[in-house]
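**Student:** I have a structure I would like to understand better, so I am pasting it below and will then ask my questions one at a time.
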Amino acid sequence: MNANATPAIAVQDVSKFFVSADGRRTRALDKVNLAVERGEFVSIIGPSGCGKTTMLKMVGGILDWDEGSISVMGAPVSGPGPERATVFQSFALLPWMTVLDNAAFGLKMRGETKAARHAKARNLLETVGLADFANAYPGELSGGMQQRVGLARALAVSPNVLLMDEPFSAIDAQTRLILQTELLDVWSQTDLSVLFITHAMDEAVFLSDRVVIMGARPGHVTDVIDIDLPRPRTEETRRDPRFVELTARVWDRLRGLMTDERAGAPS
Amino acid sequence: MKSNAPARQAGARGHRLAALLTDTFWGRLTLRATALAIVLIAWQMAGDDSVALLFPTATRTFQAFIELMADGRLPLGLLVTGQALLAGFAIIIGIGVPLGILIARFPLVDRTVSPYFTFLVAVPIIAIVPVVQALLGLTFAARVTVIVLFGISYVVINSAIAVRRVKPELIEMAASFGARRLAILTQVVLPAAVPGIMTGARLALGQALIGMVVAELTIVGAGVGSLIAELQGRFKVAAVLAVAMTIVLIGLCLLSLVEMLERRLNRWSLTK
């Protein structure tokens, strides 16, 4: 197989068990299969407890799994790597560092010199529209601005794969719509492959090439829905009947999973 | 309605005066100077200088202070005491902070070591001073040990709590960018724990100051505590008061110094 043909992320038959305090093994993920092609934008959506964040952490290399295999850019995952960067739900900014130092943190961990990492970080703060806030502290910024710093920090290390763990769920609804459009703008100018976790259906549909739906107990993939909306996607896209139809389809599948949950039936 | 107006105006003037006294530098200075003058006058009136044994007036106390400074006994005492305090506080920080970090990171250390520090907080340290004296004699080391015993648990316990409270997502973030254990410790865990560690240091300083005097009152030395004991033995009440007040004032200065440092280091944690 040609190296370029391998997907950016390939998850094959991955299972994960959690051992509870009384020593019982519960299956958290059951034979999950997932592929993100190069340059593709894929979202995972599902009820809480379906293991979508667990999935992302395993791809990120900060959590082990028990069965199956995960590879990124053709190489098996064994810990975090320079070709991956994560954007966190809670922003995970260091409050004692300036915005510039936060954006440069990943580069610092990679051992880049101060001059080099500040230059790159400044560039990316410009990209996310925060050039004027380089010397501010995270506590002085709104949630939306803090997550822009989180995005700049991830992009600064020039990853091939961007992992986003419900990045906009702690942000107010209006700002969130703006950040979605900005994210697509940034992404379209790169060849980044994105794995995006969310619990917002319209967000998944608006952003993605494909939406992966996961069910809970144990976590497993139930559906993959292709989003054939044209790009570039704009505010107009949100009024497109096809957008509404696809969002409704995602909701239908999810609602099915929620009803199962209410009945207490294993899905 | 109209008859109320002058009263309201007077009320507003009163508010303005109060605001002037609390909100401006000179206002606050005036307020404090007045309060101090009232205390000094009351002290002067309460004192009785007819017999040396009675509660001294402010002037007699101040005279005693000048005499003690002039004959060099107070400066020498402060120097000796200061050495013990400095050594004790350095040990408290130097051992307390790393120990607190180890307790927070390794359950085994926590299980074996933590009970002793909980014990140190719960027990009146004065009760174990004779043990220290029996062990180390009437030495500098014995006095430093007493100071350490008084203060160290506050640094250990607060450092451990501060390290435990570091948000796990910050550690996860650093790990995701490839940070190794040492980098996570120095770049994330320690800076995040600084406010808690500083709180421990401030509490420990207060305790160390008490320990310093206790050590000298019980274990003989050439410091201020021993000076108090000696002056007391000769019924020089004014001199005793002068030394005690000097210790209190220096203690307050040290504490506000640490508080200032704490505020400087914690600026980021206050912006949230």
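Ordered as shown in the structure tokens, chains take letters A, B, and onward, while each chain numbers its residues from 1 and ligands are numbered from 1 in the order shown.
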Pull out every residue of chain B that has at least one atom within 12 Å of chain A, counting only C-alpha atoms, and report them as a VMD selection string.
**Tutor:** chain B and resid 166 to 184 186 to 195 264 to 272
**Student:** Take the residues from that selection and put them in a file with C-alpha atoms, as a PDB file, in the first residue's frame.
**Tutor:**
ATOM      1  CA  VAL B 166      -3.692  21.035  40.177  1.00  0.00           C
ATOM      2  CA  LYS B 167      -6.310  20.504  37.484  1.00  0.00           C
ATOM      3  CA  PRO B 168      -5.736  17.112  35.819  1.00  0.00           C
ATOM      4  CA  GLU B 169      -6.583  18.559  32.408  1.00  0.00           C
ATOM      5  CA  LEU B 170      -3.524  20.833  32.619  1.00  0.00           C
ATOM      6  CA  ILE B 171      -1.301  17.789  33.182  1.00  0.00           C
ATOM      7  CA  GLU B 172      -3.078  15.954  30.373  1.00  0.00           C
ATOM      8  CA  MET B 173      -2.549  18.933  28.073  1.00  0.00           C
ATOM      9  CA  ALA B 174       1.186  19.035  28.785  1.00  0.00           C
ATOM     10  CA  ALA B 175       1.436  15.262  28.259  1.00  0.00           C
ATOM     11  CA  SER B 176      -0.379  15.560  24.930  1.00  0.00           C
ATOM     12  CA  PHE B 177       2.309  17.967  23.751  1.00  0.00           C
ATOM     13  CA  GLY B 178       4.953  15.406  24.641  1.00  0.00           C
ATOM     14  CA  ALA B 179       6.044  16.812  28.031  1.00  0.00           C
ATOM     15  CA  ARG B 180       7.936  14.310  30.176  1.00  0.00           C
ATOM     16  CA  ARG B 181       7.414  13.826  33.927  1.00  0.00           C
ATOM     17  CA  LEU B 182      10.067  16.346  34.938  1.00  0.00           C
ATOM     18  CA  ALA B 183       8.787  19.002  32.525  1.00  0.00           C
ATOM     19  CA  ILE B 184       5.224  18.441  33.748  1.00  0.00           C
ATOM     20  CA  THR B 186       8.450  22.078  36.723  1.00  0.00           C
ATOM     21  CA  GLN B 187       6.313  23.694  34.001  1.00  0.00           C
ATOM     22  CA  VAL B 188       2.808  22.842  35.174  1.00  0.00           C
ATOM     23  CA  VAL B 189       2.475  21.327  38.649  1.00  0.00           C
ATOM     24  CA  LEU B 190       4.823  23.608  40.590  1.00  0.00           C
ATOM     25  CA  PRO B 191       3.673  26.935  39.115  1.00  0.00           C
ATOM     26  CA  ALA B 192       0.046  25.916  39.601  1.00  0.00           C
ATOM     27  CA  ALA B 193       0.766  25.043  43.242  1.00  0.00           C
ATOM     28  CA  VAL B 194       2.571  28.301  44.089  1.00  0.00           C
ATOM     29  CA  PRO B 195      -0.455  30.062  45.654  1.00  0.00           C
ATOM     30  CA  ARG B 264       2.951  39.366  43.733  1.00  0.00           C
ATOM     31  CA  LEU B 265       3.294  35.673  42.914  1.00  0.00           C
ATOM     32  CA  ASN B 266      -0.456  35.138  42.896  1.00  0.00           C
ATOM     33  CA  ARG B 267      -1.466  37.987  40.637  1.00  0.00           C
ATOM     34  CA  TRP B 268      -2.715  35.562  37.991  1.00  0.00           C
ATOM     35  CA  SER B 269      -4.854  33.598  40.414  1.00  0.00           C
ATOM     36  CA  LEU B 270      -6.658  36.805  41.430  1.00  0.00           C
ATOM     37  CA  THR B 271      -7.542  37.840  37.881  1.00  0.00           C
ATOM     38  CA  LYS B 272      -9.868  34.884  37.490  1.00  0.00           C
TER      39      LYS B 272
END
**Student:** Identify all residues of range 91-202 of chain A in strand (DSSP E or B) (DSSP on the backbone) and supply them as a ChimeraX atom specification.
**Tutor:** /A:161-165,193-198
**Student:** Could you check which of B:Tyr154, B:Ser226, B:Ile219, B:Leu29 is closest to Val131 in chain B, using only C-alpha atoms?
**Tutor:** B:Ile219
**Student:** Work out how far apart CA of Ser69 in chain A and CA of Val11 in chain A are and give it in Å to one decimal.
**Tutor:**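 Between these atoms lies a distance of 6.1 Å.
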**Student:** Just want the 7 Å neighbourhood of Pro56 in chain B, counted on only C-alpha atoms, with same-chain residues fewer than 2 positions away dropped. Output as JSON, numbers by chain.
**Tutor:** {"B": [47, 48, 49, 54, 58, 60, 61, 237, 238]}
**Student:** Those residues with C-alpha atoms, as a compact mmCIF listing (two decimals), in the first residue's frame please?
**Tutor:**
# COMPACT_ATOMS: atom_id res chain seq x y z
CA GLY B 47 0.74 53.01 83.51
CA ASP B 48 2.20 53.64 86.95
CA ASP B 49 5.91 54.41 87.30
CA LEU B 54 3.85 48.00 88.21
CA ALA B 58 4.55 54.33 77.42
CA ARG B 60 9.08 54.37 80.69
CA THR B 61 8.78 51.48 78.20
CA VAL B 237 8.70 45.02 83.67
CA ALA B 238 9.23 48.00 81.36
**Student:** Calculated over only C-alpha atoms, which of the candidates A:Ser193, A:Thr247, A:Thr181, A:Ser71 has the smallest distance to Arg231 in chain A?
**Tutor:**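 Smallest distance to Arg231 in chain A is found for A:Thr181.
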**Student:** At a cut-off of 12 Å, using only C-alpha atoms, what residues contact Lys16 in chain A? Leave out same-chain residues fewer than 3 positions from it and give the result as a PyMOL selection string.
**Tutor:** chain A and resi 13+19+25-32+50-52+54-55+57-58+63-69+217-220
**Student:** Going by DSSP on the backbone, which bits of range 80-243 of chain A are alpha helix (DSSP H)? Write them as a count of residues only, please.
**Tutor:** 64
**Student:** Quick one: everything within 12 Å of Ala134 in chain A, counting only C-alpha atoms, minus sequence neighbours fewer than 5 positions away in the same chain. Send it as a PyMOL selection string.
**Tutor:** chain A and resi 97-104+118-119+121-126+128-129+140-141+145-146+148-149+152
**Student:** Create the file for the chosen residues now, containing N, CA and C atoms and written as a JSON list (two decimals), in the first residue's frame.
**Tutor:**
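So again-v6.json came out as:
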[["chain", "number", "residue", "atom", "x", "y", "z"],
["A", 97, "MET", "N", 0.67, 32.10, 32.68],
["A", 97, "MET", "CA", 1.43, 32.47, 31.49],
["A", 97, "MET", "C", 0.61, 33.42, 30.63],
["A", 98, "THR", "N", 1.32, 34.29, 29.89],
["A", 98, "THR", "CA", 0.62, 35.18, 28.97],
["A", 98, "THR", "C", 0.03, 34.36, 27.82],
["A", 99, "VAL", "N", -0.85, 35.01, 27.07],
["A", 99, "VAL", "CA", -1.45, 34.38, 25.90],
["A", 99, "VAL", "C", -0.36, 33.89, 24.94],
["A", 100, "LEU", "N", 0.68, 34.72, 24.76],
["A", 100, "LEU", "CA", 1.76, 34.34, 23.84],
["A", 100, "LEU", "C", 2.48, 33.09, 24.33],
["A", 101, "ASP", "N", 2.82, 33.06, 25.63],
["A", 101, "ASP", "CA", 3.52, 31.88, 26.16],
["A", 101, "ASP", "C", 2.64, 30.64, 26.13],
["A", 102, "ASN", "N", 1.33, 30.82, 26.34],
["A", 102, "ASN", "CA", 0.41, 29.69, 26.23],
["A", 102, "ASN", "C", 0.40, 29.15, 24.80],
["A", 103, "ALA", "N", 0.31, 30.05, 23.83],
["A", 103, "ALA", "CA", 0.27, 29.61, 22.44],
["A", 103, "ALA", "C", 1.58, 28.92, 22.07],
["A", 104, "ALA", "N", 2.68, 29.29, 22.74],
["A", 104, "ALA", "CA", 3.99, 28.73, 22.43],
["A", 104, "ALA", "C", 4.33, 27.51, 23.27],
["A", 118, "HIS", "N", 8.25, 31.98, 19.88],
["A", 118, "HIS", "CA", 7.44, 33.20, 19.96],
["A", 118, "HIS", "C", 7.04, 33.70, 18.58],
["A", 119, "ALA", "N", 7.94, 33.57, 17.63],
["A", 119, "ALA", "CA", 7.63, 34.02, 16.26],
["A", 119, "ALA", "C", 6.46, 33.21, 15.70],
["A", 121, "ALA", "N", 4.25, 31.44, 17.42],
["A", 121, "ALA", "CA", 3.04, 31.65, 18.21],
["A", 121, "ALA", "C", 2.37, 32.97, 17.83],
["A", 122, "ARG", "N", 3.19, 34.00, 17.61],
["A", 122, "ARG", "CA", 2.66, 35.30, 17.19],
["A", 122, "ARG", "C", 1.88, 35.18, 15.89],
["A", 123, "ASN", "N", 2.46, 34.44, 14.95],
["A", 123, "ASN", "CA", 1.82, 34.19, 13.66],
["A", 123, "ASN", "C", 0.44, 33.59, 13.84],
["A", 124, "LEU", "N", 0.36, 32.57, 14.72],
["A", 124, "LEU", "CA", -0.92, 31.87, 14.87],
["A", 124, "LEU", "C", -1.91, 32.69, 15.67],
["A", 125, "LEU", "N", -1.41, 33.53, 16.60],
["A", 125, "LEU", "CA", -2.34, 34.42, 17.31],
["A", 125, "LEU", "C", -2.97, 35.38, 16.30],
["A", 126, "GLU", "N", -2.17, 35.78, 15.32],
["A", 126, "GLU", "CA", -2.68, 36.62, 14.24],
["A", 126, "GLU", "C", -3.80, 35.87, 13.49],
["A", 128, "VAL", "N", -5.78, 33.56, 14.51],
["A", 128, "VAL", "CA", -7.03, 33.42, 15.25],
["A", 128, "VAL", "C", -7.55, 34.76, 15.75],
["A", 129, "GLY", "N", -6.91, 35.87, 15.30],
["A", 129, "GLY", "CA", -7.43, 37.20, 15.61],
["A", 129, "GLY", "C", -7.12, 37.69, 17.01],
["A", 140, "GLU", "N", -8.06, 37.13, 31.75],
["A", 140, "GLU", "CA", -8.63, 38.41, 31.29],
["A", 140, "GLU", "C", -9.44, 38.25, 30.01],
["A", 141, "LEU", "N", -9.46, 37.02, 29.45],
["A", 141, "LEU", "CA", -10.15, 36.80, 28.18],
["A", 141, "LEU", "C", -11.48, 36.09, 28.36],
["A", 145, "MET", "N", -12.38, 33.64, 23.38],
["A", 145, "MET", "CA", -11.00, 34.06, 23.12],
["A", 145, "MET", "C", -10.02, 33.03, 23.68],
["A", 146, "GLN", "N", -10.35, 32.48, 24.87],
["A", 146, "GLN", "CA", -9.45, 31.48, 25.46],
["A", 146, "GLN", "C", -9.33, 30.26, 24.55],
["A", 148, "ARG", "N", -9.67, 30.27, 21.36],
["A", 148, "ARG", "CA", -8.86, 30.64, 20.20],
["A", 148, "ARG", "C", -7.38, 30.45, 20.52],
["A", 149, "VAL", "N", -7.00, 30.78, 21.78],
["A", 149, "VAL", "CA", -5.61, 30.55, 22.20],
["A", 149, "VAL", "C", -5.31, 29.05, 22.17],
["A", 152, "ALA", "N", -4.72, 28.11, 18.68],
["A", 152, "ALA", "CA", -3.41, 28.61, 18.22],
["A", 152, "ALA", "C", -2.28, 27.72, 18.77]]
**Student:** Can you tell me which residues surround Phe89 in chain B at a distance of at most 9 Å, considering only C-alpha atoms, apart from same-chain residues fewer than 3 positions away, and format the answer as a list in words?
**Tutor:**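 Result of the neighbour search: Ala84, Leu85, Leu86, Ile92, Ile93, Gly94, Val144, Ile147, Val148, Gly151, Ile152, Ala201, Ala204, Leu205 and Ala208 of chain B.
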**Student:** Quick one: everything within 6 Å of range 197-213 of chain A, counting only C-alpha atoms, minus sequence neighbours fewer than 3 positions away in the same chain. Send it as a count of residues only.
**Tutor:** 16
**Student:** Just to confirm, what's the straight-line distance from CA of Val39 in chain B to CA of Val240 in chain B in Å (one decimal)?
**Tutor:**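 That distance, rounded to one decimal, is 19.2 Å.
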**Student:** If I take CA of Leu192 in chain A and CA of Asn160 in chain A, how far is one from the other in Å, to one decimal?
**Tutor:**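 Going from CA of Leu192 in chain A over to CA of Asn160 in chain A covers 5.2 Å.
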